[in-house]
Amino acid sequence: MAELRLEHIYKTYKGGVEAVKDLNLTVKDGEFLALLGPSGCGKTSTLRMIVGLEDITSGEMYIGGRLVNRLEPNQRNVALAFETYALYPPLSVFDNIAFCLRARSVPKHEIVQRVRRVAEMLDITDILDRKPAELGGGQKQRVSLARALVRDPDVFLMDEPLSHLDAALRAHMRIELKRLHAQTGRTTILVTHDQLEAVAMAQRIAVMNLGVLQQVGTFDEIYNHPVNEFVAGFIGEPPMNILPTRPVQEGDKLWLAALDGGFRLPLSDALRAKVERSKAQTIDLGVRPIHIETLDPSDDAADALPATVQTFESLGEEGQLAAHLGDSTVLVVTSPLLELERGDAVKLRFRPDRIHLFDAATQQAL
Amino acid sequence: MQSKVSNNRLAAILSDGFLGLYFIFALFPLLWMVLVSLKSGEELFTTQFVFTPTLENYQAILFGDPRAAAGVVARQEFPRFFMNSLIVSSGAVVLSLLVGVPAAYALARYRFRGKEDLAFTFLSFRFAPELVVIIPLSVLYRQLGLYDTYWGIIWVYQLVTLPLLIWVLRSYFEDVSPDIEQAAMIDGYPWWRIFWSILLPLVRPGLAAAALLAFVFAWNNFIFALVLGGSNVQTVTVSALGYISSAQAFFNRMAAASVLASIPQIVLALSIQRYLIRGLSFGAVKG
């Protein structure tokens with residue numbers, strides 16, 4: 001068990017592709033961290049550098065206070081569960097798990113003991129004699145996890161561990177992985193593009209995009225206080241509505257007017273202070289679909305914005321409304337019981353404490 | 001419904017019948033060869049299927065001909081030629097394995113400049129007819145002292161065996177996920193151990209099929225062995241020519257020699273048959 005510390009890590013591939021840029025990240029001892037981002041964001045390169053399958057172009061990496069830049073994969077005492085499982089087809093499940101212990105010349109009785117222990121932990125004692133080709137996806141997954149855990153790694157990495165499982169098994173394995181982490185107390189890093197996985201399992205989430213670490217924090221932090229538009233849009237389902245606006249001063253009131261003229265929104269004092277401090281010319285207003293209320297068209301409050309229903313779908317537990325607000329389409333999560341038809345007039349109210357403002361030029365949160 | 005079933009049955013009978021006909025057509029030369037090898041000189045040019053079989057041809061090529069006329073080479077040297085064929089063919093396959101397996105691995109795994117050109121060059125050895133290169137090669141071989149040596153023949157056979165091995169195995173290695181090697185690296189194994197205990201078992205069907213085919217091609221090769229081998233390294237294919245002299249053509253002995261010469265290939269093919277079908281249908285199609 002150990003803390004993992006990345007300091008100014010860069011990865012540049014031959015041909016000049018910068019996969020990871022100035023990555024600073026500390027994963028605490030025993031912590032479960034998810035590395036989340038779209039494909040090509042640098043999360044897999046980061047993972048491969050931690051494991052030692054990829055050279056670090058510059059920067060320093062410490063595992064348990066030990067500089068590991070120049071160490072071979074097997075000297076780092078890390079374990080990786082591959083997305084494709086990468087089990088050794090000619091070997092039985094037992095031998096697959098024992099493989100790394102044999103490489104370290106662990107005495108035979110101890111190998112049997114340790115393999116038994118992880119096999120019990122992962123509930124695979126009944127398939128130890130089988131070959132990988134005879135196993136189902138979930139079983140392969142468990143064997144791959146067992147193989148990674150049997151060596152008592154300082155850092156345990158998982159690369160998209162659930163992506164090849166069907167939905168029911170995935171939900172089950174999420175719980176299993178969480179239990180496994182609680183049971184072993186290993187420093188664990190989960191690499192995934194699926195925010196649901198990250199949210200369900202990890203204690204903290206690191207969001208990456210285009211090789212740059214965007215934000216690290218608990219789900220609450222990145223969901224409620226995204227530092228930029230990318231994080232705001234990437235976390236949350238359905239994604240946050242982003243509406244381009246311009247601040248307009250009128251008397252002593254400050255409004256946000258949509259660039260397409262679709263609405264004018266009076267600002268609360270807190271938001272007004274932010275806008276005035278930033279001096280941004282154009283501001284992207286972000287609001288999540290669940291933080292918009294649908295009001296009766298007759299409501300004449302100043303922050304009730306008139307809109308037209310484009311589509312309304314009742315999905316059983318919730319309703320999804322797409323409404324025209326000027327030229328923009330706004331997505332709203334509503335009660336499933338609304339009765340709305342295409343073309344109906346509604347009024348929308350953005351919950352003022354749930355409005356996010358971003359400088360349109362820098363995409364950073366105000 | 002009824003007519004559908006009978007249609008299916010008819011189709012099955014027709015296809016079985018057609019396959020049977022093809023089977024006879026394809027194997028007839030072999031059958032004829034065996035028959036001829038059992039005939040005496042007098043019956044040789046008849047087309048009778050019923051005759052008194054004799055083993056005297058086999059006896060003659062294996063132990064010498066007691067009635068050898070002057071001017072006709074006594075063909076009791078057959079065992080030596082057989083050994084020659086065995087040595088150069090297995091030698092060629094072993095050398096191809098030693099060189100070709102790493103080459104196929106490199107072509108499958110690494111990215112380097114000119115990779116495809118290199119792979120294509122290997123394949124192109126199989127395009128050119130052997131006759132095109134045989135004259136310059138024979139001049140070279142005489143100058144280098146490789147003419148009529150085992151090493152010389154084994155070397156030139158690489159033109160036949162190596163491309164086949166590299167191309168079949170390359171697609172096999174490409175099918176093995178690099179993740180497996182990386183997992184083993186993290187597990188702490190040196191590269192050669194990973195290669196030996198994980199990768200080689202995975203490509204074994206391809207290895208068996210390619211090695212067998214390479215052996216058959218090498219064994220059957222005629223022109224290289226004829227021109228670049230002399231009396232020392234004469235192979236069975238070349239020695240078959242010796243049964244025809246200006247005085248007499250011993251087609252029955254030639255047939256006997258051919259029957260004996262095909263035994264190793266048949267034994268090998270049968271023993272690794274289960275790899276062969278998978279190996280060829282698996283690797284070759286993708287390549």
# chains A, B, ... in the order shown; residues from 1 in each chain; ligands from 1

$ interface_residues --of "chain A" --to "chain B" --cutoff "8 Å" --atoms "only C-alpha atoms" --output "list in words"
Val51, Leu53, Pro73, Asn74, Gln75, Val78, Ala79, Leu80, Phe82, Thr84, Ala86, Leu87, Tyr88, Pro89, Pro90, Phe99, Cys100, Leu101, Ala103 and Arg104 of chain A

$ residues_around --residues "A:Glu60" --least-positions-apart "3" --cutoff "8 Å" --atoms "only C-alpha atoms" --output "ChimeraX atom specification"
/A:6-9,67-69

$ residues_around --residues "stretch 356-366 of chain A" --least-positions-apart "5" --cutoff "7 Å" --atoms "only C-alpha atoms" --output "number ranges by chain"
A: 227-229, 274, 278, 280, 282-287

$ write_last_selection --atoms "N, CA and C atoms" --output "short mmCIF file (atom, residue, chain, number, x, y, z; two decimals), in the first residue's frame"
data_model
loop_
_atom_site.label_atom_id
_atom_site.label_comp_id
_atom_site.auth_asym_id
_atom_site.auth_seq_id
_atom_site.Cartn_x
_atom_site.Cartn_y
_atom_site.Cartn_z
N VAL A 227 -15.06 23.30 -12.80
CA VAL A 227 -14.16 24.44 -13.00
C VAL A 227 -14.25 25.00 -14.41
N ASN A 228 -14.73 24.20 -15.35
CA ASN A 228 -14.85 24.74 -16.71
C ASN A 228 -16.00 24.06 -17.46
N GLU A 229 -16.22 24.51 -18.67
CA GLU A 229 -17.35 24.03 -19.44
C GLU A 229 -17.24 22.56 -19.79
N LYS A 274 -20.17 37.79 -9.52
CA LYS A 274 -19.25 37.00 -10.35
C LYS A 274 -19.03 37.63 -11.70
N SER A 278 -15.54 39.39 -13.35
CA SER A 278 -14.81 38.76 -14.46
C SER A 278 -14.62 39.69 -15.65
N ALA A 280 -16.10 39.59 -18.31
CA ALA A 280 -16.19 38.81 -19.55
C ALA A 280 -17.18 39.46 -20.50
N THR A 282 -18.67 37.86 -23.27
CA THR A 282 -19.77 36.91 -23.48
C THR A 282 -19.66 35.82 -22.42
N ILE A 283 -20.80 35.39 -21.97
CA ILE A 283 -20.84 34.43 -20.86
C ILE A 283 -21.69 33.24 -21.28
N ASP A 284 -21.14 32.05 -21.07
CA ASP A 284 -21.94 30.85 -21.31
C ASP A 284 -22.67 30.49 -20.03
N LEU A 285 -23.98 30.43 -20.15
CA LEU A 285 -24.78 30.09 -18.99
C LEU A 285 -25.05 28.60 -19.02
N GLY A 286 -24.73 27.94 -17.91
CA GLY A 286 -24.96 26.50 -17.86
C GLY A 286 -25.98 26.15 -16.80
N VAL A 287 -26.90 25.29 -17.16
CA VAL A 287 -27.86 24.84 -16.16
C VAL A 287 -28.25 23.40 -16.50
#

$ residues_around --residues "stretch 318-328 of chain A" --least-positions-apart "5" --cutoff "7 Å" --atoms "only C-alpha atoms" --output "VMD selection string"
chain A and resid 260 to 263 307 to 313 333 to 336

$ write_last_selection --atoms "N, CA and C atoms" --output "short mmCIF file (atom, residue, chain, number, x, y, z; two decimals), in the first residue's frame"
data_model
loop_
_atom_site.label_atom_id
_atom_site.label_comp_id
_atom_site.auth_asym_id
_atom_site.auth_seq_id
_atom_site.Cartn_x
_atom_site.Cartn_y
_atom_site.Cartn_z
N ASP A 260 -28.81 35.07 -29.11
CA ASP A 260 -29.79 34.97 -30.20
C ASP A 260 -31.09 35.72 -29.85
N GLY A 261 -31.10 36.45 -28.74
CA GLY A 261 -32.26 37.23 -28.36
C GLY A 261 -33.42 36.43 -27.80
N GLY A 262 -33.17 35.20 -27.44
CA GLY A 262 -34.25 34.31 -27.02
C GLY A 262 -34.77 34.56 -25.62
N PHE A 263 -33.93 35.13 -24.75
CA PHE A 263 -34.41 35.37 -23.38
C PHE A 263 -33.54 36.41 -22.70
N ALA A 307 -40.98 29.78 -23.39
CA ALA A 307 -40.39 28.82 -24.32
C ALA A 307 -41.51 28.06 -25.02
N THR A 308 -41.12 27.33 -26.08
CA THR A 308 -42.09 26.55 -26.84
C THR A 308 -41.70 25.09 -26.80
N VAL A 309 -42.69 24.23 -26.57
CA VAL A 309 -42.39 22.80 -26.49
C VAL A 309 -42.00 22.26 -27.87
N GLN A 310 -40.88 21.58 -27.91
CA GLN A 310 -40.44 20.94 -29.15
C GLN A 310 -40.85 19.47 -29.11
N THR A 311 -40.39 18.77 -28.07
CA THR A 311 -40.84 17.38 -27.86
C THR A 311 -41.00 17.16 -26.37
N PHE A 312 -41.88 16.26 -26.03
CA PHE A 312 -41.98 15.85 -24.64
C PHE A 312 -42.12 14.34 -24.60
N GLU A 313 -41.26 13.71 -23.83
CA GLU A 313 -41.33 12.26 -23.71
C GLU A 313 -41.51 11.90 -22.25
N VAL A 333 -35.53 18.06 -17.42
CA VAL A 333 -36.06 16.84 -16.81
C VAL A 333 -37.23 17.25 -15.94
N THR A 334 -38.38 16.68 -16.22
CA THR A 334 -39.61 17.11 -15.54
C THR A 334 -40.28 15.93 -14.86
N SER A 335 -41.41 16.21 -14.28
CA SER A 335 -42.26 15.13 -13.81
C SER A 335 -42.84 14.40 -15.03
N PRO A 336 -43.02 13.08 -14.94
CA PRO A 336 -43.55 12.35 -16.10
C PRO A 336 -45.03 12.64 -16.34
#

$ residues_around --residues "B:Leu169" --least-positions-apart "6" --cutoff "8 Å" --atoms "only C-alpha atoms" --output "list in words"
Val101, Ala104, Tyr105, Val203, Gly206, Leu207, Ala210 and Gly283 of chain B

$ atom_distance --atom1 "atom CA of A:Leu122" --atom2 "atom CA of A:Val143"
8.0 Å

$ atom_distance --atom1 "atom CA of B:Gly41" --atom2 "atom CA of B:Asn252"
7.1 Å

$ residues_around --residues "B:Asn232" --least-positions-apart "5" --cutoff "10 Å" --atoms "only C-alpha atoms" --output "PDB file with C-alpha atoms, in the first residue's frame"
ATOM      1  CA  ARG B  80      21.509 -42.303 -49.399  1.00  0.00           C
ATOM      2  CA  PHE B  81      19.393 -39.969 -51.552  1.00  0.00           C
ATOM      3  CA  ASN B  84      20.002 -36.392 -48.342  1.00  0.00           C
ATOM      4  CA  TYR B 147      27.916 -26.077 -54.785  1.00  0.00           C
ATOM      5  CA  ASP B 148      26.913 -29.624 -53.870  1.00  0.00           C
ATOM      6  CA  THR B 149      27.004 -29.004 -50.113  1.00  0.00           C
ATOM      7  CA  TYR B 150      24.243 -29.538 -47.554  1.00  0.00           C
TER       8      TYR B 150
END

$ residues_around --residues "B:Ala106" --least-positions-apart "5" --cutoff "12 Å" --atoms "only C-alpha atoms" --output "number ranges by chain"
B: 99-101, 111-112, 115-116, 118-119, 166-167, 169-171, 173-174

$ select_by_dssp --residues "stretch 8-159 of chain B" --states "alpha helix (DSSP H)" --output "ChimeraX atom specification"
/B:8-37,56-63,78-109,115-124,130-144,150-159

$ atom_distance --atom1 "atom CA of B:Tyr22" --atom2 "atom CA of B:Val259"
21.6 Å

$ closest_residue --among "A:Ser58, A:Ala146, A:Arg130, A:Phe32" --to "A:Glu18" --atoms "only C-alpha atoms"
A:Ser58
